[in-house]
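model-v9.pdb (PDB, C-alpha atoms and all ligand atoms) appears below.
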ATOM      1  CA  MET F   2     131.568 114.661-132.918
ATOM      2  CA  THR F   3     128.911 114.621-130.199
ATOM      3  CA  ARG F   4     128.983 116.461-126.881
ATOM      4  CA  LYS F   5     127.951 115.326-123.410
ATOM      5  CA  ILE F   6     124.508 116.501-122.334
ATOM      6  CA  ALA F   7     124.600 119.643-120.165
ATOM      7  CA  SER F   8     128.386 119.983-120.506
ATOM      8  CA  GLY F   9     128.598 123.684-121.445
ATOM      9  CA  SER F  10     129.249 126.583-119.071
ATOM     10  CA  PHE F  11     125.493 127.282-118.732
ATOM     11  CA  GLY F  12     123.752 126.833-115.347
ATOM     12  CA  TYR F  13     121.775 123.726-116.294
ATOM     13  CA  SER F  14     118.839 122.313-114.378
ATOM     14  CA  ASP F  15     119.364 119.233-112.204
ATOM     15  CA  GLY F  16     116.941 117.483-114.558
ATOM     16  CA  LEU F  17     119.194 117.928-117.582
ATOM     17  CA  LYS F  18     122.453 117.473-115.630
ATOM     18  CA  GLY F  19     121.151 114.181-114.281
ATOM     19  CA  LYS F  20     120.261 112.833-117.699
ATOM     20  CA  GLY F  21     123.723 111.607-118.718
ATOM     21  CA  GLY F  22     124.834 110.526-122.168
ATOM     22  CA  GLU F  23     125.715 112.402-125.332
ATOM     23  CA  TRP F  24     123.835 114.611-127.772
ATOM     24  CA  THR F  25     123.408 111.925-130.401
ATOM     25  CA  TYR F  26     120.970 112.646-133.246
ATOM     26  CA  ASP F  27     118.481 110.300-131.582
ATOM     27  CA  ASN F  28     118.695 112.057-128.196
ATOM     28  CA  LEU F  29     118.461 115.470-129.857
ATOM     29  CA  ASP F  30     115.368 114.367-131.780
ATOM     30  CA  HIS F  31     113.668 113.175-128.569
ATOM     31  CA  TRP F  32     114.641 116.351-126.700
ATOM     32  CA  ILE F  33     113.239 118.644-129.401
ATOM     33  CA  ALA F  34     110.101 116.507-129.773
ATOM     34  CA  ASN F  35     109.258 116.708-126.060
ATOM     35  CA  PRO F  36     111.805 118.289-123.707
ATOM     36  CA  ARG F  37     109.786 117.424-120.604
ATOM     37  CA  ALA F  38     109.543 113.728-121.492
ATOM     38  CA  PHE F  39     113.270 113.552-122.279
ATOM     39  CA  ALA F  40     114.478 115.263-119.091
ATOM     40  CA  ALA F  41     111.884 115.865-116.376
ATOM     41  CA  GLY F  42     112.523 119.073-114.453
ATOM     42  CA  ASN F  43     114.409 120.752-117.304
ATOM     43  CA  LYS F  44     114.116 124.527-117.701
ATOM     44  CA  MET F  45     113.990 124.923-121.464
ATOM     45  CA  THR F  46     110.885 126.997-122.243
ATOM     46  CA  PHE F  47     109.916 125.075-125.354
ATOM     47  CA  ALA F  48     106.856 122.827-125.581
ATOM     48  CA  GLY F  49     108.327 120.604-128.288
ATOM     49  CA  ASP F  50     107.880 120.072-132.017
ATOM     50  CA  LYS F  51     105.673 117.068-132.826
ATOM     51  CA  ASP F  52     106.454 117.175-136.567
ATOM     52  CA  ALA F  53     109.191 114.615-137.341
ATOM     53  CA  ALA F  54     110.033 116.156-140.726
ATOM     54  CA  SER F  55     110.356 119.592-139.142
ATOM     55  CA  ARG F  56     112.711 118.171-136.469
ATOM     56  CA  ALA F  57     114.765 116.441-139.176
ATOM     57  CA  ASP F  58     115.109 119.781-141.012
ATOM     58  CA  LEU F  59     116.156 121.495-137.782
ATOM     59  CA  ILE F  60     118.735 118.824-136.919
ATOM     60  CA  ALA F  61     120.123 118.980-140.485
ATOM     61  CA  TYR F  62     120.441 122.754-140.118
ATOM     62  CA  LEU F  63     122.229 122.436-136.750
ATOM     63  CA  ARG F  64     124.523 119.779-138.238
ATOM     64  CA  ALA F  65     125.444 122.191-141.039
ATOM     65  CA  GLN F  66     126.710 124.664-138.401
ATOM     66  CA  ALA F  67     129.079 122.153-136.757
ATOM     67  CA  ALA F  68     132.824 122.369-137.420
ATOM     68  CA  SER F  69     133.166 118.575-137.249
ATOM     69  CA  PRO F  70     129.654 117.112-137.413
ATOM     70  CA  ALA F  71     128.980 113.612-136.087
ATOM     71  CA  PRO F  72     128.440 111.059-138.862
ATOM     72  CA  LEU F  73     124.783 110.553-139.775
ATOM     73  CA  PRO F  74     123.230 107.314-138.466
TER
HETATM   74  C1  LIG F 101     113.805 124.226-131.590
HETATM   75  C2  LIG F 101     114.329 125.086-130.753
HETATM   76  C3  LIG F 101     115.357 124.680-129.712
HETATM   77  C4  LIG F 101     116.389 123.793-129.803
HETATM   78  C5  LIG F 101     116.833 122.959-130.991
HETATM   79  C6  LIG F 101     117.050 123.774-128.515
HETATM   80  C7  LIG F 101     118.139 122.973-128.183
HETATM   81  C8  LIG F 101     118.662 122.835-126.907
HETATM   82  C9  LIG F 101     119.673 121.894-126.498
HETATM   83  C10 LIG F 101     120.362 120.873-127.418
HETATM   84  C11 LIG F 101     119.902 122.073-125.184
HETATM   85  C12 LIG F 101     120.917 121.320-124.314
HETATM   86  C13 LIG F 101     122.234 122.053-124.352
HETATM   87  C14 LIG F 101     123.372 121.338-123.666
HETATM   88  O1  LIG F 101     123.283 120.165-123.237
HETATM   89  O2  LIG F 101     124.438 121.974-123.553
HETATM   90  C15 LIG F 101     119.035 123.138-124.736
HETATM   91  C16 LIG F 101     118.929 123.604-123.433
HETATM   92  C17 LIG F 101     118.209 124.712-123.058
HETATM   93  N1  LIG F 101     117.430 125.512-123.863
HETATM   94 FE1  LIG F 101     116.907 125.075-125.756
HETATM   95  N2  LIG F 101     116.416 124.679-127.692
HETATM   96  C18 LIG F 101     115.374 125.239-128.379
HETATM   97  C19 LIG F 101     114.486 126.191-127.914
HETATM   98  C20 LIG F 101     114.605 126.871-126.726
HETATM   99  C21 LIG F 101     113.763 127.977-126.291
HETATM  100  C22 LIG F 101     112.626 128.554-127.093
HETATM  101  C23 LIG F 101     114.226 128.354-125.067
HETATM  102  C24 LIG F 101     113.778 129.466-124.162
HETATM  103  C25 LIG F 101     113.176 130.562-124.606
HETATM  104  C26 LIG F 101     115.344 127.482-124.729
HETATM  105  C27 LIG F 101     116.057 127.535-123.553
HETATM  106  C28 LIG F 101     116.913 126.538-123.106
HETATM  107  C29 LIG F 101     117.378 126.399-121.735
HETATM  108  C30 LIG F 101     117.073 127.325-120.563
HETATM  109  C31 LIG F 101     118.173 125.240-121.700
HETATM  110  C32 LIG F 101     118.811 124.603-120.471
HETATM  111  C33 LIG F 101     117.773 123.603-119.977
HETATM  112  C34 LIG F 101     118.082 123.000-118.618
HETATM  113  O3  LIG F 101     119.158 123.216-118.050
HETATM  114  O4  LIG F 101     117.189 122.282-118.130
HETATM  115  N3  LIG F 101     115.542 126.611-125.755
HETATM  116  N4  LIG F 101     118.295 123.593-125.812
END
Turn this file's structure into structure tokens for me.
Amino acid sequence: MTRKIASGSFGYSDGLKGKGGEWTYDNLDHWIANPRAFAAGNKMTFAGDKDAASRADLIAYLRAQAASPAPLP
């Protein structure tokens, strides 16, 4: 199961709120790779992880925490 971007109770930036769409694996990968490129004006203090294998490991870890994880692409 995916979730809409910026749909929690957190006070999100206009940049992330304006993005639209769902946290698919593809969107999550782009966000972690380069938050600024994915959603200009976001306020996540993270420069990005350029290493695709490292991002894949991270996404696999996050998926393992989900009660009903979205099917893998
Ligand atoms: C690899 C590490 C990280 C991952 C995987 C990650 C993941 C995410 C995701 C998926 C969101 C969107 C949440 C949603 O739509 O509900 C988000 C937002 C956010 N994260 Fe991170 N994050 C990371 C590192 C960090 C760090 C280091 C900070 C700050 C010290 C941070 C602060 C924030 C903030 C403030 C937002 C809201 C951004 C906005 O509203 O523009 N994150 N993060």
For a cutoff of 12 Å around the file-coordinate point (123.2, 109.0, -120.5), which residues qualify once you count only C-alpha atoms? I'd like the result as a PDB file with C-alpha atoms, in the coordinates of the input.
ATOM      1  CA  ARG F   4     128.983 116.461-126.881  1.00  0.00           C
ATOM      2  CA  LYS F   5     127.951 115.326-123.410  1.00  0.00           C
ATOM      3  CA  ILE F   6     124.508 116.501-122.334  1.00  0.00           C
ATOM      4  CA  ALA F   7     124.600 119.643-120.165  1.00  0.00           C
ATOM      5  CA  LEU F  17     119.194 117.928-117.582  1.00  0.00           C
ATOM      6  CA  LYS F  18     122.453 117.473-115.630  1.00  0.00           C
ATOM      7  CA  GLY F  19     121.151 114.181-114.281  1.00  0.00           C
ATOM      8  CA  LYS F  20     120.261 112.833-117.699  1.00  0.00           C
ATOM      9  CA  GLY F  21     123.723 111.607-118.718  1.00  0.00           C
ATOM     10  CA  GLY F  22     124.834 110.526-122.168  1.00  0.00           C
ATOM     11  CA  GLU F  23     125.715 112.402-125.332  1.00  0.00           C
ATOM     12  CA  TRP F  24     123.835 114.611-127.772  1.00  0.00           C
ATOM     13  CA  THR F  25     123.408 111.925-130.401  1.00  0.00           C
ATOM     14  CA  ASN F  28     118.695 112.057-128.196  1.00  0.00           C
ATOM     15  CA  PHE F  39     113.270 113.552-122.279  1.00  0.00           C
ATOM     16  CA  ALA F  40     114.478 115.263-119.091  1.00  0.00           C
TER      17      ALA F  40
END
Within 8 Å of ligand LIG 101 (chain F), which residues show up when you count all atoms listed in the file? List them as a PyMOL selection string, please.
chain F and resi 4-9+11-18+24+29+32-33+40+42-47+49-50+56+59-60+63
Can you spit out the residues from that selection as a PDB file, in the frame of the given file, using C-alpha atoms?
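Wrote again17.pdb, looks like this:
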ATOM      1  CA  ARG F   4     128.983 116.461-126.881  1.00  0.00           C
ATOM      2  CA  LYS F   5     127.951 115.326-123.410  1.00  0.00           C
ATOM      3  CA  ILE F   6     124.508 116.501-122.334  1.00  0.00           C
ATOM      4  CA  ALA F   7     124.600 119.643-120.165  1.00  0.00           C
ATOM      5  CA  SER F   8     128.386 119.983-120.506  1.00  0.00           C
ATOM      6  CA  GLY F   9     128.598 123.684-121.445  1.00  0.00           C
ATOM      7  CA  PHE F  11     125.493 127.282-118.732  1.00  0.00           C
ATOM      8  CA  GLY F  12     123.752 126.833-115.347  1.00  0.00           C
ATOM      9  CA  TYR F  13     121.775 123.726-116.294  1.00  0.00           C
ATOM     10  CA  SER F  14     118.839 122.313-114.378  1.00  0.00           C
ATOM     11  CA  ASP F  15     119.364 119.233-112.204  1.00  0.00           C
ATOM     12  CA  GLY F  16     116.941 117.483-114.558  1.00  0.00           C
ATOM     13  CA  LEU F  17     119.194 117.928-117.582  1.00  0.00           C
ATOM     14  CA  LYS F  18     122.453 117.473-115.630  1.00  0.00           C
ATOM     15  CA  TRP F  24     123.835 114.611-127.772  1.00  0.00           C
ATOM     16  CA  LEU F  29     118.461 115.470-129.857  1.00  0.00           C
ATOM     17  CA  TRP F  32     114.641 116.351-126.700  1.00  0.00           C
ATOM     18  CA  ILE F  33     113.239 118.644-129.401  1.00  0.00           C
ATOM     19  CA  ALA F  40     114.478 115.263-119.091  1.00  0.00           C
ATOM     20  CA  GLY F  42     112.523 119.073-114.453  1.00  0.00           C
ATOM     21  CA  ASN F  43     114.409 120.752-117.304  1.00  0.00           C
ATOM     22  CA  LYS F  44     114.116 124.527-117.701  1.00  0.00           C
ATOM     23  CA  MET F  45     113.990 124.923-121.464  1.00  0.00           C
ATOM     24  CA  THR F  46     110.885 126.997-122.243  1.00  0.00           C
ATOM     25  CA  PHE F  47     109.916 125.075-125.354  1.00  0.00           C
ATOM     26  CA  GLY F  49     108.327 120.604-128.288  1.00  0.00           C
ATOM     27  CA  ASP F  50     107.880 120.072-132.017  1.00  0.00           C
ATOM     28  CA  ARG F  56     112.711 118.171-136.469  1.00  0.00           C
ATOM     29  CA  LEU F  59     116.156 121.495-137.782  1.00  0.00           C
ATOM     30  CA  ILE F  60     118.735 118.824-136.919  1.00  0.00           C
ATOM     31  CA  LEU F  63     122.229 122.436-136.750  1.00  0.00           C
TER      32      LEU F  63
END
Of the candidates F:Ala34, F:Ala57, F:Ala41, F:Ser10, which one gets nearest to F:Leu73 if we count only C-alpha atoms?
F:Ala57
So for stretch 57-62 of chain F, what box centre and size do we get, axis-aligned, 5 Å extra on each of the six sides, every listed atom, Å to one decimal, as lines of an AutoDock Vina configuration file?
center_x = 117.6
center_y = 119.6
center_z = -139.0
size_x = 15.7
size_y = 16.3
size_z = 14.1
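Shortest atom-to-atom contact with F:Met2 among F:Pro70, F:Asn35, F:Ala54, F:Ala61: F:Pro70, counting only C-alpha atoms.
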Please fill the gaps in stretch 30-60 of chain F so it has N, CA and C atoms, and write that as a PDB file, in the frame of the given file.
ATOM      1  N   ASP F  30     116.713 114.468-131.209  1.00  0.00           N
ATOM      2  CA  ASP F  30     115.368 114.367-131.780  1.00  0.00           C
ATOM      3  C   ASP F  30     114.322 114.212-130.668  1.00  0.00           C
ATOM      4  N   HIS F  31     114.615 113.363-129.677  1.00  0.00           N
ATOM      5  CA  HIS F  31     113.668 113.175-128.569  1.00  0.00           C
ATOM      6  C   HIS F  31     113.532 114.447-127.727  1.00  0.00           C
ATOM      7  N   TRP F  32     114.643 115.109-127.496  1.00  0.00           N
ATOM      8  CA  TRP F  32     114.641 116.351-126.700  1.00  0.00           C
ATOM      9  C   TRP F  32     113.794 117.423-127.377  1.00  0.00           C
ATOM     10  N   ILE F  33     113.990 117.606-128.676  1.00  0.00           N
ATOM     11  CA  ILE F  33     113.239 118.644-129.401  1.00  0.00           C
ATOM     12  C   ILE F  33     111.765 118.254-129.524  1.00  0.00           C
ATOM     13  N   ALA F  34     111.493 116.954-129.646  1.00  0.00           N
ATOM     14  CA  ALA F  34     110.101 116.507-129.773  1.00  0.00           C
ATOM     15  C   ALA F  34     109.321 116.802-128.493  1.00  0.00           C
ATOM     16  N   ASN F  35     109.955 116.556-127.339  1.00  0.00           N
ATOM     17  CA  ASN F  35     109.258 116.708-126.060  1.00  0.00           C
ATOM     18  C   ASN F  35     110.286 116.846-124.935  1.00  0.00           C
ATOM     19  N   PRO F  36     110.758 118.074-124.717  1.00  0.00           N
ATOM     20  CA  PRO F  36     111.805 118.289-123.707  1.00  0.00           C
ATOM     21  C   PRO F  36     111.435 117.714-122.338  1.00  0.00           C
ATOM     22  N   ARG F  37     110.192 117.860-121.941  1.00  0.00           N
ATOM     23  CA  ARG F  37     109.786 117.424-120.604  1.00  0.00           C
ATOM     24  C   ARG F  37     109.869 115.899-120.470  1.00  0.00           C
ATOM     25  N   ALA F  38     109.500 115.195-121.537  1.00  0.00           N
ATOM     26  CA  ALA F  38     109.543 113.728-121.492  1.00  0.00           C
ATOM     27  C   ALA F  38     110.994 113.242-121.490  1.00  0.00           C
ATOM     28  N   PHE F  39     111.871 113.980-122.185  1.00  0.00           N
ATOM     29  CA  PHE F  39     113.270 113.552-122.279  1.00  0.00           C
ATOM     30  C   PHE F  39     113.998 113.771-120.966  1.00  0.00           C
ATOM     31  N   ALA F  40     113.786 114.938-120.344  1.00  0.00           N
ATOM     32  CA  ALA F  40     114.478 115.263-119.091  1.00  0.00           C
ATOM     33  C   ALA F  40     113.500 116.010-118.190  1.00  0.00           C
ATOM     34  N   ALA F  41     112.839 115.265-117.307  1.00  0.00           N
ATOM     35  CA  ALA F  41     111.884 115.865-116.376  1.00  0.00           C
ATOM     36  C   ALA F  41     112.600 116.912-115.531  1.00  0.00           C
ATOM     37  N   GLY F  42     111.940 118.030-115.281  1.00  0.00           N
ATOM     38  CA  GLY F  42     112.523 119.073-114.453  1.00  0.00           C
ATOM     39  C   GLY F  42     113.498 119.962-115.193  1.00  0.00           C
ATOM     40  N   ASN F  43     113.525 119.854-116.533  1.00  0.00           N
ATOM     41  CA  ASN F  43     114.409 120.752-117.304  1.00  0.00           C
ATOM     42  C   ASN F  43     113.817 122.157-117.313  1.00  0.00           C
ATOM     43  N   LYS F  44     114.612 123.138-117.697  1.00  0.00           N
ATOM     44  CA  LYS F  44     114.116 124.527-117.701  1.00  0.00           C
ATOM     45  C   LYS F  44     114.165 125.170-119.074  1.00  0.00           C
ATOM     46  N   MET F  45     114.053 124.364-120.106  1.00  0.00           N
ATOM     47  CA  MET F  45     113.990 124.923-121.464  1.00  0.00           C
ATOM     48  C   MET F  45     112.540 125.248-121.803  1.00  0.00           C
ATOM     49  N   THR F  46     112.266 126.553-122.013  1.00  0.00           N
ATOM     50  CA  THR F  46     110.885 126.997-122.243  1.00  0.00           C
ATOM     51  C   THR F  46     110.479 126.730-123.679  1.00  0.00           C
ATOM     52  N   PHE F  47     110.271 125.474-123.989  1.00  0.00           N
ATOM     53  CA  PHE F  47     109.916 125.075-125.354  1.00  0.00           C
ATOM     54  C   PHE F  47     109.052 123.834-125.244  1.00  0.00           C
ATOM     55  N   ALA F  48     107.828 123.911-125.775  1.00  0.00           N
ATOM     56  CA  ALA F  48     106.856 122.827-125.581  1.00  0.00           C
ATOM     57  C   ALA F  48     107.215 121.586-126.374  1.00  0.00           C
ATOM     58  N   GLY F  49     107.970 121.748-127.451  1.00  0.00           N
ATOM     59  CA  GLY F  49     108.327 120.604-128.288  1.00  0.00           C
ATOM     60  C   GLY F  49     107.731 120.745-129.679  1.00  0.00           C
ATOM     61  N   ASP F  50     108.335 120.057-130.631  1.00  0.00           N
ATOM     62  CA  ASP F  50     107.880 120.072-132.017  1.00  0.00           C
ATOM     63  C   ASP F  50     107.492 118.640-132.384  1.00  0.00           C
ATOM     64  N   LYS F  51     106.190 118.427-132.597  1.00  0.00           N
ATOM     65  CA  LYS F  51     105.673 117.068-132.826  1.00  0.00           C
ATOM     66  C   LYS F  51     105.896 116.592-134.265  1.00  0.00           C
ATOM     67  N   ASP F  52     106.343 117.486-135.141  1.00  0.00           N
ATOM     68  CA  ASP F  52     106.454 117.175-136.567  1.00  0.00           C
ATOM     69  C   ASP F  52     107.851 116.603-136.875  1.00  0.00           C
ATOM     70  N   ALA F  53     107.905 115.294-137.152  1.00  0.00           N
ATOM     71  CA  ALA F  53     109.191 114.615-137.341  1.00  0.00           C
ATOM     72  C   ALA F  53     109.998 115.209-138.498  1.00  0.00           C
ATOM     73  N   ALA F  54     109.326 115.598-139.572  1.00  0.00           N
ATOM     74  CA  ALA F  54     110.033 116.156-140.726  1.00  0.00           C
ATOM     75  C   ALA F  54     110.626 117.518-140.372  1.00  0.00           C
ATOM     76  N   SER F  55     109.874 118.287-139.590  1.00  0.00           N
ATOM     77  CA  SER F  55     110.356 119.592-139.142  1.00  0.00           C
ATOM     78  C   SER F  55     111.579 119.419-138.234  1.00  0.00           C
ATOM     79  N   ARG F  56     111.551 118.430-137.339  1.00  0.00           N
ATOM     80  CA  ARG F  56     112.711 118.171-136.469  1.00  0.00           C
ATOM     81  C   ARG F  56     113.913 117.724-137.300  1.00  0.00           C
ATOM     82  N   ALA F  57     113.664 116.897-138.312  1.00  0.00           N
ATOM     83  CA  ALA F  57     114.765 116.441-139.176  1.00  0.00           C
ATOM     84  C   ALA F  57     115.411 117.633-139.893  1.00  0.00           C
ATOM     85  N   ASP F  58     114.583 118.567-140.366  1.00  0.00           N
ATOM     86  CA  ASP F  58     115.109 119.781-141.012  1.00  0.00           C
ATOM     87  C   ASP F  58     115.964 120.580-140.031  1.00  0.00           C
ATOM     88  N   LEU F  59     115.457 120.722-138.808  1.00  0.00           N
ATOM     89  CA  LEU F  59     116.156 121.495-137.782  1.00  0.00           C
ATOM     90  C   LEU F  59     117.501 120.848-137.436  1.00  0.00           C
ATOM     91  N   ILE F  60     117.495 119.533-137.269  1.00  0.00           N
ATOM     92  CA  ILE F  60     118.735 118.824-136.919  1.00  0.00           C
ATOM     93  C   ILE F  60     119.734 118.912-138.079  1.00  0.00           C
TER      94      ILE F  60
END
